[in-house]
Every structure is written in structure tokens, then in C-alpha cells.
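One file, structure.txt, carrying compact mmCIF, C-alpha atoms:
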# COMPACT_ATOMS: atom_id res chain seq x y z
CA MET A 25 0.00 0.00 0.00
CA LYS A 26 1.72 3.17 -1.15
CA LYS A 27 0.30 6.52 -0.23
CA SER A 28 0.60 9.50 -2.53
CA LYS A 29 3.03 12.15 -1.32
CA ALA A 30 0.25 14.68 -0.74
CA ALA A 31 -1.72 12.23 1.37
CA LEU A 32 1.39 11.40 3.39
CA LEU A 33 2.15 15.10 4.01
CA TRP A 34 -1.45 15.79 5.04
CA ASP A 35 -1.34 12.84 7.42
CA LEU A 36 1.93 14.11 8.92
CA PHE A 37 0.45 17.58 9.34
CA ILE A 38 -2.65 16.30 11.13
CA THR A 39 -0.61 13.97 13.34
CA PHE A 40 1.76 16.73 14.45
CA PHE A 41 -1.07 19.24 14.82
CA LYS A 42 -2.62 16.84 17.35
CA ILE A 43 0.75 16.40 19.02
CA GLY A 44 1.23 20.20 19.22
CA ALA A 45 -2.24 20.66 20.66
CA PHE A 46 -1.60 18.27 23.52
CA THR A 47 1.97 19.10 24.40
CA ILE A 48 1.11 20.75 27.71
CA GLY A 49 3.96 21.69 30.02
CA GLY A 50 7.00 21.04 27.81
CA GLY A 51 8.34 19.20 24.81
CA LEU A 52 8.85 15.79 26.41
CA VAL A 53 5.11 15.35 26.76
CA MET A 54 4.97 14.70 23.04
CA LEU A 55 7.19 11.62 23.26
CA PRO A 56 4.43 9.15 24.20
CA LEU A 57 2.22 10.65 21.49
CA ILE A 58 4.91 10.31 18.84
CA GLU A 59 5.73 6.78 19.91
CA ARG A 60 2.09 5.67 19.65
CA GLU A 61 1.00 7.61 16.58
CA VAL A 62 4.07 7.60 14.34
CA SER A 63 5.77 4.34 15.27
CA GLU A 64 3.30 1.91 16.85
CA LYS A 65 0.19 2.71 14.79
CA LYS A 66 1.45 3.98 11.46
CA LYS A 67 4.88 2.32 11.38
CA TYR A 68 6.47 5.32 9.67
CA ILE A 69 9.70 4.91 11.64
CA SER A 70 11.23 2.46 14.10
CA LYS A 71 11.47 2.90 17.88
CA GLU A 72 15.26 3.25 17.61
CA GLU A 73 14.80 6.22 15.30
CA ILE A 74 12.42 7.92 17.72
CA VAL A 75 15.13 7.69 20.36
CA ASP A 76 17.64 9.09 17.83
CA ALA A 77 15.25 11.96 17.06
CA PHE A 78 15.04 12.80 20.76
CA ALA A 79 18.80 12.57 21.25
CA VAL A 80 19.27 15.05 18.38
CA SER A 81 16.45 17.37 19.55
CA GLN A 82 17.82 17.54 23.06
CA SER A 83 21.43 18.15 22.13
CA LEU A 84 20.73 20.95 19.64
CA PRO A 85 19.50 24.41 20.62
CA GLY A 86 15.88 25.28 19.97
CA VAL A 87 12.44 24.14 21.00
CA ILE A 88 12.48 20.37 21.62
CA ALA A 89 9.01 19.79 20.18
CA ILE A 90 9.89 21.62 16.97
CA ASN A 91 13.28 19.92 16.72
CA SER A 92 11.81 16.43 17.00
CA GLY A 93 8.98 17.33 14.62
CA ILE A 94 11.47 18.52 12.02
CA TYR A 95 13.72 15.46 12.46
CA ILE A 96 10.87 12.98 12.12
CA GLY A 97 9.19 14.90 9.27
CA TYR A 98 12.47 15.06 7.39
CA ARG A 99 13.12 11.35 7.94
CA ILE A 100 9.69 10.39 6.61
CA ALA A 101 9.18 12.84 3.75
CA GLY A 102 12.26 15.03 3.22
CA ILE A 103 12.31 18.83 3.44
CA ALA A 104 8.58 19.07 2.66
CA GLY A 105 7.90 16.68 5.53
CA ALA A 106 9.99 18.84 7.89
CA VAL A 107 8.09 22.00 6.89
CA VAL A 108 4.73 20.30 7.36
CA THR A 109 5.51 18.81 10.80
CA ALA A 110 7.01 22.10 12.07
CA PHE A 111 3.87 23.96 10.99
CA GLY A 112 1.65 21.31 12.51
CA VAL A 113 3.42 21.46 15.89
CA ILE A 114 3.46 25.28 16.01
CA LEU A 115 -0.04 26.09 14.75
CA PRO A 116 -2.16 24.96 17.76
CA SER A 117 -0.18 27.02 20.26
CA PHE A 118 -0.03 29.94 17.86
CA ILE A 119 -3.83 30.00 17.57
CA THR A 120 -4.47 29.46 21.30
CA ILE A 121 -1.98 32.08 22.49
CA LEU A 122 -3.10 34.63 19.95
CA ALA A 123 -6.68 34.19 21.11
CA ILE A 124 -5.63 34.58 24.76
CA ALA A 125 -3.44 37.62 24.04
CA ILE A 126 -6.29 39.28 22.16
CA LEU A 127 -9.06 38.39 24.62
CA PHE A 128 -7.47 38.68 28.06
CA ASP A 129 -5.07 41.03 29.74
CA THR A 130 -3.85 38.48 32.27
CA VAL A 131 -4.69 34.90 33.25
CA SER A 132 -2.04 33.91 35.77
CA GLY A 133 -2.73 32.56 39.24
CA ASN A 134 -6.02 30.93 38.36
CA VAL A 135 -6.86 28.17 40.90
CA TYR A 136 -8.60 25.91 38.38
CA ALA A 137 -5.71 26.23 35.95
CA ASP A 138 -3.32 25.14 38.74
CA LYS A 139 -5.46 22.09 39.60
CA ALA A 140 -5.80 21.07 35.98
CA LEU A 141 -2.05 21.45 35.50
CA THR A 142 -1.30 19.28 38.56
CA GLY A 143 -3.55 16.56 37.11
CA VAL A 144 -1.90 16.83 33.70
CA LYS A 145 1.58 16.56 35.21
CA ALA A 146 0.68 13.42 37.18
CA GLY A 147 -0.96 11.84 34.12
CA VAL A 148 1.92 12.75 31.84
CA ALA A 149 4.44 11.30 34.33
CA GLY A 150 2.51 8.01 34.14
CA VAL A 151 2.31 7.97 30.35
CA ILE A 152 6.00 8.82 29.97
CA ALA A 153 6.93 6.06 32.44
CA VAL A 154 5.15 3.48 30.26
CA THR A 155 6.76 4.83 27.09
CA VAL A 156 10.19 4.68 28.72
CA SER A 157 9.76 1.02 29.58
CA ARG A 158 8.68 0.29 25.98
CA LEU A 159 11.57 2.17 24.41
CA GLY A 160 13.95 0.72 26.98
CA ARG A 161 13.07 -2.83 25.99
CA THR A 162 13.87 -2.00 22.34
CA VAL A 163 17.06 -0.07 22.97
CA ILE A 164 18.68 -1.79 25.96
CA ARG A 165 19.74 -5.17 24.59
CA ASP A 166 22.89 -6.03 26.54
CA VAL A 167 24.49 -5.57 29.95
CA PHE A 168 26.68 -2.70 28.77
CA ALA A 169 23.68 -0.69 27.51
CA PHE A 170 21.92 -1.38 30.82
CA ILE A 171 24.88 -0.09 32.84
CA LEU A 172 25.07 3.02 30.65
CA ALA A 173 21.35 3.70 31.18
CA VAL A 174 21.56 3.31 34.98
CA LEU A 175 24.63 5.54 35.11
CA ALA A 176 23.00 8.23 32.95
CA PHE A 177 19.84 8.14 35.06
CA ALA A 178 21.81 8.57 38.28
CA LEU A 179 23.92 11.39 36.85
CA THR A 180 20.94 13.40 35.58
CA ILE A 181 18.76 12.88 38.66
CA TRP A 182 21.25 13.36 41.48
CA LEU A 183 24.05 15.40 40.00
CA GLY A 184 21.99 17.44 37.56
CA VAL A 185 24.36 16.62 34.69
CA GLY A 186 23.10 18.19 31.46
CA ILE A 187 21.77 16.25 28.51
CA VAL A 188 24.56 17.31 26.13
CA ALA A 189 27.21 15.94 28.50
CA VAL A 190 25.24 12.71 29.01
CA ILE A 191 24.79 12.15 25.27
CA THR A 192 28.43 12.92 24.51
CA GLY A 193 29.51 10.47 27.23
CA GLY A 194 27.13 7.80 25.96
CA GLY A 195 28.38 8.25 22.41
CA LEU A 196 32.03 7.96 23.40
CA ALA A 197 31.39 4.96 25.66
CA GLY A 198 29.43 3.26 22.89
CA LEU A 199 32.15 4.00 20.36
CA LEU A 200 34.87 2.52 22.56
CA TYR A 201 32.97 -0.53 23.77
CA TYR A 202 31.14 -1.67 20.65
CA HIS A 203 34.02 -0.87 18.36
CA ILE A 204 36.52 -2.80 20.46
CA MET A 205 34.12 -5.73 20.75
CA ARG A 206 33.76 -5.77 16.99
CA MET A 207 37.51 -5.71 16.43
CA LYS A 208 38.02 -8.50 18.97
CA ARG A 209 35.48 -10.64 17.16
CA HIS A 210 37.24 -9.79 13.94
CA ASP A 211 40.60 -10.90 15.36
CA SER A 212 39.35 -14.21 16.66
CA ASP A 213 37.78 -15.11 13.31
CA MET B 6 11.79 48.16 11.89
CA ILE B 7 10.22 46.37 14.85
CA LEU B 8 9.18 43.21 12.95
CA ILE B 9 12.70 42.56 11.69
CA ARG B 10 14.15 43.21 15.15
CA LEU B 11 11.63 40.82 16.71
CA PHE B 12 12.54 38.19 14.13
CA LEU B 13 16.27 38.60 14.76
CA VAL B 14 16.00 38.58 18.56
CA PHE B 15 13.91 35.40 18.51
CA ALA B 16 16.19 33.76 15.94
CA LYS B 17 19.04 34.43 18.39
CA ILE B 18 16.97 32.90 21.21
CA GLY B 19 16.32 29.82 19.06
CA LEU B 20 20.02 29.53 18.31
CA ILE B 21 21.35 29.83 21.88
CA GLY B 22 18.42 28.17 23.66
CA PHE B 23 19.65 24.78 24.82
CA GLY B 24 17.69 22.46 27.08
CA GLY B 25 14.07 23.00 26.08
CA GLY B 26 11.18 25.16 27.22
CA TYR B 27 12.04 26.14 30.79
CA SER B 28 15.59 27.23 30.07
CA ILE B 29 14.48 29.06 26.93
CA LEU B 30 11.98 31.01 29.05
CA THR B 31 14.91 32.33 31.09
CA ILE B 32 16.72 33.43 27.95
CA ILE B 33 13.59 35.13 26.59
CA GLN B 34 13.22 36.99 29.87
CA ARG B 35 16.83 38.24 29.74
CA GLU B 36 16.68 39.30 26.10
CA LEU B 37 13.37 41.12 26.40
CA THR B 38 13.69 42.87 29.74
CA GLN B 39 17.19 44.11 28.80
CA ARG B 40 15.69 45.74 25.74
CA GLY B 41 12.88 47.19 27.82
CA TRP B 42 10.33 45.46 25.60
CA ILE B 43 8.52 43.85 28.50
CA GLY B 44 8.48 44.31 32.29
CA LEU B 45 9.25 41.58 34.85
CA GLN B 46 5.66 41.37 36.10
CA GLU B 47 4.28 40.95 32.61
CA PHE B 48 6.92 38.34 31.91
CA SER B 49 5.85 36.18 34.85
CA ASP B 50 2.30 36.31 33.44
CA ILE B 51 3.66 35.17 30.09
CA ALA B 52 5.58 32.32 31.75
CA ALA B 53 2.44 31.12 33.54
CA ILE B 54 0.27 31.30 30.42
CA SER B 55 2.88 29.47 28.35
CA GLN B 56 2.94 26.55 30.75
CA ILE B 57 -0.77 25.96 31.14
CA THR B 58 -1.81 26.35 27.51
CA PRO B 59 -1.24 23.59 24.98
CA GLY B 60 1.83 23.74 22.80
CA PRO B 61 5.58 23.99 23.35
CA ILE B 62 6.40 26.52 26.09
CA ALA B 63 8.91 28.53 24.04
CA VAL B 64 6.55 28.81 21.06
CA ASN B 65 3.77 30.00 23.35
CA ALA B 66 6.02 32.65 24.87
CA ALA B 67 7.27 33.80 21.46
CA THR B 68 3.74 34.13 20.09
CA TYR B 69 2.52 36.06 23.14
CA VAL B 70 5.47 38.44 23.35
CA GLY B 71 5.42 38.98 19.59
CA TYR B 72 1.75 39.96 19.73
CA ARG B 73 2.29 42.36 22.65
CA ILE B 74 5.12 44.11 20.83
CA GLY B 75 4.13 43.98 17.17
CA GLY B 76 0.52 42.76 16.88
CA PHE B 77 -0.39 39.79 14.67
CA TRP B 78 2.65 40.10 12.39
CA GLY B 79 4.81 40.53 15.45
CA SER B 80 3.73 37.12 16.71
CA VAL B 81 4.38 35.62 13.27
CA ALA B 82 7.88 37.17 13.18
CA ALA B 83 8.76 35.94 16.69
CA THR B 84 7.45 32.41 16.14
CA VAL B 85 9.12 31.97 12.76
CA GLY B 86 12.30 33.48 14.21
CA VAL B 87 12.49 31.05 17.12
CA SER B 88 11.95 28.06 14.76
CA ILE B 89 14.36 28.95 11.92
CA PRO B 90 17.63 27.88 13.63
CA SER B 91 16.05 24.49 14.53
CA PHE B 92 15.16 24.01 10.92
CA ILE B 93 18.70 24.40 9.64
CA LEU B 94 20.49 22.59 12.49
CA VAL B 95 18.14 19.61 12.80
CA ILE B 96 18.07 18.93 9.06
CA LEU B 97 21.88 19.07 8.91
CA ALA B 98 22.08 16.65 11.85
CA ALA B 99 19.46 14.31 10.32
CA ARG B 100 21.33 14.28 6.98
CA PHE B 101 24.58 13.50 8.76
CA ILE B 102 23.08 10.61 10.73
CA LEU B 103 21.33 9.13 7.69
CA LYS B 104 24.45 9.41 5.56
CA PHE B 105 26.79 7.76 8.02
CA LYS B 106 24.38 5.34 9.66
CA ALA B 107 25.96 2.42 7.83
CA SER B 108 29.37 3.36 9.21
CA MET B 109 30.48 1.18 12.12
CA VAL B 110 31.78 4.18 14.08
CA VAL B 111 28.48 6.10 13.99
CA GLU B 112 26.49 2.93 14.67
CA SER B 113 28.65 2.24 17.76
CA CYS B 114 28.09 5.81 18.99
CA LEU B 115 24.33 5.54 18.48
CA LYS B 116 24.28 2.25 20.39
CA GLY B 117 25.75 4.12 23.35
CA ILE B 118 23.58 7.23 22.92
CA ARG B 119 20.22 5.42 22.76
CA PRO B 120 20.25 3.90 26.28
CA VAL B 121 21.39 7.16 27.90
CA THR B 122 18.67 9.08 26.04
CA VAL B 123 16.00 6.71 27.36
CA ALA B 124 17.47 7.13 30.85
CA PHE B 125 17.28 10.89 30.45
CA ILE B 126 13.62 10.65 29.46
CA ALA B 127 12.99 8.51 32.55
CA SER B 128 14.42 11.30 34.70
CA ALA B 129 12.02 13.68 32.94
CA ALA B 130 9.10 11.53 34.09
CA ILE B 131 10.38 12.03 37.63
CA PHE B 132 10.58 15.76 36.99
CA PHE B 133 6.87 15.74 36.14
CA ALA B 134 6.10 13.66 39.23
CA LEU B 135 8.02 16.21 41.31
CA GLY B 136 5.70 18.89 40.03
CA SER B 137 2.63 16.98 41.16
CA PHE B 138 2.86 14.38 43.92
CA ILE B 139 6.43 14.05 45.13
CA ASP B 140 7.89 16.72 47.38
CA LEU B 141 11.65 16.49 47.90
CA GLN B 142 11.37 18.46 51.14
CA ALA B 143 9.06 15.78 52.57
CA PRO B 144 9.68 12.56 50.60
CA LEU B 145 7.51 10.39 52.86
CA TYR B 146 4.47 12.54 52.33
CA VAL B 147 2.57 11.52 49.21
CA ASP B 148 -0.16 13.65 47.76
CA TRP B 149 -2.79 10.95 47.12
CA GLY B 150 -4.90 12.73 44.51
CA PRO B 151 -2.13 13.23 41.94
CA PHE B 152 -0.62 9.85 42.86
CA ALA B 153 -3.90 8.11 42.00
CA ILE B 154 -3.94 9.98 38.69
CA PHE B 155 -0.37 8.84 38.03
CA LEU B 156 -1.25 5.18 38.71
CA GLY B 157 -4.38 5.43 36.59
CA ALA B 158 -2.39 6.83 33.69
CA VAL B 159 0.23 4.06 33.99
CA LEU B 160 -2.44 1.35 33.94
CA ALA B 161 -4.34 2.95 31.06
CA ALA B 162 -1.21 3.41 28.94
CA ALA B 163 0.21 -0.05 29.68
CA PHE B 164 -2.87 -2.26 29.45
CA THR B 165 -5.45 -0.53 27.30
CA LYS B 166 -5.56 0.91 23.80
CA ILE B 167 -6.93 4.24 25.07
CA ASN B 168 -5.51 7.14 23.08
CA VAL B 169 -2.70 9.02 24.86
CA ILE B 170 -4.47 12.35 24.25
CA LEU B 171 -7.57 10.99 25.96
CA ILE B 172 -5.49 9.82 28.93
CA VAL B 173 -4.00 13.31 29.35
CA LEU B 174 -7.45 14.90 29.08
CA MET B 175 -8.85 12.51 31.70
CA ALA B 176 -5.88 13.36 33.95
CA MET B 177 -6.72 17.02 33.53
CA GLY B 178 -10.38 16.43 34.49
CA ALA B 179 -9.33 14.26 37.44
CA GLY B 180 -6.98 17.05 38.53
CA LEU B 181 -9.90 19.47 38.76
CA LEU B 182 -11.77 16.99 40.98
CA LEU B 183 -9.02 15.51 43.14
CA CYS B 184 -6.23 18.05 43.49
Can you give me the file's structure in the form of C-alpha cells?
Amino acid sequence: MKKSKAALLWDLFITFFKIGAFTIGGGLVMLPLIEREVSEKKKYISKEEIVDAFAVSQSLPGVIAINSGIYIGYRIAGIAGAVVTAFGVILPSFITILAIAILFDTVSGNVYADKALTGVKAGVAGVIAVTVSRLGRTVIRDVFAFILAVLAFALTIWLGVGIVAVITGGGLAGLLYYHIMRMKRHDSD
Amino acid sequence: MILIRLFLVFAKIGLIGFGGGYSILTIIQRELTQRGWIGLQEFSDIAAISQITPGPIAVNAATYVGYRIGGFWGSVAATVGVSIPSFILVILAARFILKFKASMVVESCLKGIRPVTVAFIASAAIFFALGSFIDLQAPLYVDWGPFAIFLGAVLAAAFTKINVILIVLMAMGAGLLLC
């Protein structure tokens, strides 16, 4: 079943419009949505590539949601795909904020907004936890990867080490370990 | 002209803004208050609005500030400005990864990067929990309302086919009732 390019782009736009509309409280909220919609349901890209997209989005400057939208759009449908996903992710907040800026002078400190936000945060924490375990099962395949993950978790939680440092460290460790393993295997052949 | 200046300032913010929404908010605050475009009080309003409305925090802030300073086209200039650097950098990075994916060196790096990225995302889940039911000052005290919402979301996401968007909406409704 091959979709026409226009249909694919429209589908990408709608998918990322939905993702943009429900990214409340920061870019990482979109991860579970992307994993379900783009990988699990539509099989546009693999789980490994979603993790790659997030590694890239986090280590580059810019808005994480836009970065990952652009990466995934580009991967699926080239430059046109990147334009369409970026638009899709931006448009819902653009419309909402414009409406708020035009209609109200100030909205902060609303009790109901605080309650709703607390609920959203708790729910999002739960959904992200499930997504992490799913991605983890795909990505962590050996003891070395497991050790790396535990180490990275500890460093970010307790020492507040930044994501760029963690990703650089992971990349170097992976390079050393997997490359040496491969050469060893090569030697013993 | 104000539109071009808005565009340039937000392009700069997009280029130096590492670490996602919350850290970008800090940069926006510095850039705008220094220029006298917006006062501190108004900025804290903007920060609050950006966090509780749907959409990426930095895009929300850019749209709002742009509108306050330059009307509709001001919000277009600021939003496009903050996204342009991402466009160039992410596509370059994606091209690089796709081109060299077959290379053993890049593949080895990626095999190390993937597990640490997942670990980082796990710590983000904890960050969200911190904002709702875990209090580091009193770790033994659990706020039961949000905790129940957390458990409900875990069960729904793990064992049912309920749409993620629906789960987040239900969490929002439950928050109004329980929190």
C-alpha cells in the first residue's frame, strides 16, 4: 500500500497538529504521542529512530518539540515533511496564544488552571513512564547498555548533569565498547 | 523596523536556547527585559500562560510576546524566528546521521547514545512527578490525589488501547476533581 506524497504530508500535518495541541507543560510530553501515533500505529519509523530523534532534539539548541517534529518529518518525507511537521506542531499554540493575548489582559494565578495542571503533570508522568519502559526494551539489549542507562539516570537525577554531556559520554562509551568488541570478534575469526 | 528586530532577537533565542522550554523562558526573559520590551511582572504572566496552555512553552512565549510588541505580524515574526535555527540545524544533523548510519563508528556511537537518552527521558518523568505528587522536602508525604492519577495513567497506557491524548485529558479532568 503506497500513499501518494500529498496524502502522506497531510497525514503528517494532522498527526503533528494533534501532538502540538496536547503538548502541555513542555516538549517531552509529546514523546508518548509520537511513539504511539508515528511508530506503533502507522509504522512510519522504528522505535530506535524515535530515540535518535530525541537525542538530536535535546542536544541541539531550539524548541524540543519543533526539533523532534522537524527530524521525524524530514526522515519520513524530506524537506517538505519537515516544513509540514514544524507547521503542525506550532499552529495549535499559535492560535491558542493569539486568542488569549487578544481576549485577556492576564490569566495567571487561576486556581482551576493550577489544579488542571497538577492533574496533567501526574498523568503525563505516568504515560511517559510506560513509554520509557517500551523504548527501553527496544534499545537496551545487553548488559553494557543497561549499565550506561543506569549511570546516565543517576547522573541526571542526582548530579543534575546536562543532557549534552550525558549524550556525549554515551556516544564515546558506545564508540569505545562496541568498536573494540567488533575488532576482537574480527581478530578471533 | 520592529518586525525585523523581533525576528532577529527570537532567531538568536532559538540559536542559543539549549535544554528545552524552561531554560528558553529564562533566555527570553533576559533578552526582552534588557531591551525594555517587557516588564518583569508581565513576563511572569507570560511564563504562567505558556505553561498551562497547549503547545511547546517557548513557542507560546514567542507568540505572546510577539503579539504584545508587534501585533499579529509581530507574533508571526517571533514564532518563525524562534523556529528557523532548529530548521537548519536539525536537518543538517538528520542528513549527517542518515548518511553515516551504515558506518560502524556512527552505529557504535548511536548504540551508546540510545540507552542514555532513554534514561534521560525517565528522569524527565520524575521531573513531572516532582511537580505533582512528590515533594523532595518531605519525601515520605505523598499527595494521594495526583498519585492516584499517576497510577491510573500508567495502567491505562500499559494495558489498554486508550488514546494518549484521551489519557492526558482525563488526567486534567481528574486534577480538577481531586487536586
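Within 7 Å of the point (-2.3, 0.3, 17.7), and counting all atoms listed in the file, the protein, DNA and RNA residues are Glu64 and Lys65 of chain A; Lys166 of chain B.
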May I ask you to extract the residues of chain A within 6 Å of chain B, using only C-alpha atoms, and to give them as a VMD selection string? chain A and resid 44 to 51 79 85 to 88 91 117 132 139 to 140 142 to 147 149 to 152 164 169 173 176 to 177 191 194 to 195 198 to 199 202
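If you look at CA of Arg60 (chain A) and CA of Gly186 (chain A), they are 27.2 Å away from each other.
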Find the residues near Ile96 (chain A): any atom within 10 Å, counting all atoms listed in the file, skip ones fewer than 6 places away on the same chain, and give them as an MDAnalysis selection string. (chainID A and resid 36 58 62 68:69 73:74 76:78 90 102 105:106 109:110) or (chainID B and resid 95:96 99)
Same residues, C-alpha atoms, saved as a compact mmCIF listing (two decimals), in the coordinates of the input:
# COMPACT_ATOMS: atom_id res chain seq x y z
CA LEU A 36 1.93 14.11 8.92
CA ILE A 58 4.91 10.31 18.84
CA VAL A 62 4.07 7.60 14.34
CA TYR A 68 6.47 5.32 9.67
CA ILE A 69 9.70 4.91 11.64
CA GLU A 73 14.80 6.22 15.30
CA ILE A 74 12.42 7.92 17.72
CA ASP A 76 17.64 9.09 17.83
CA ALA A 77 15.25 11.96 17.06
CA PHE A 78 15.04 12.80 20.76
CA ILE A 90 9.89 21.62 16.97
CA GLY A 102 12.26 15.03 3.22
CA GLY A 105 7.90 16.68 5.53
CA ALA A 106 9.99 18.84 7.89
CA THR A 109 5.51 18.81 10.80
CA ALA A 110 7.01 22.10 12.07
CA VAL B 95 18.14 19.61 12.80
CA ILE B 96 18.07 18.93 9.06
CA ALA B 99 19.46 14.31 10.32
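CA of Ile74 (chain B) is positioned 12.0 Å from CA of Ile9 (chain B).
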CA of Leu13 (chain B) to CA of Gly86 (chain B), distance in Å rounded to a single decimal: 6.5 Å
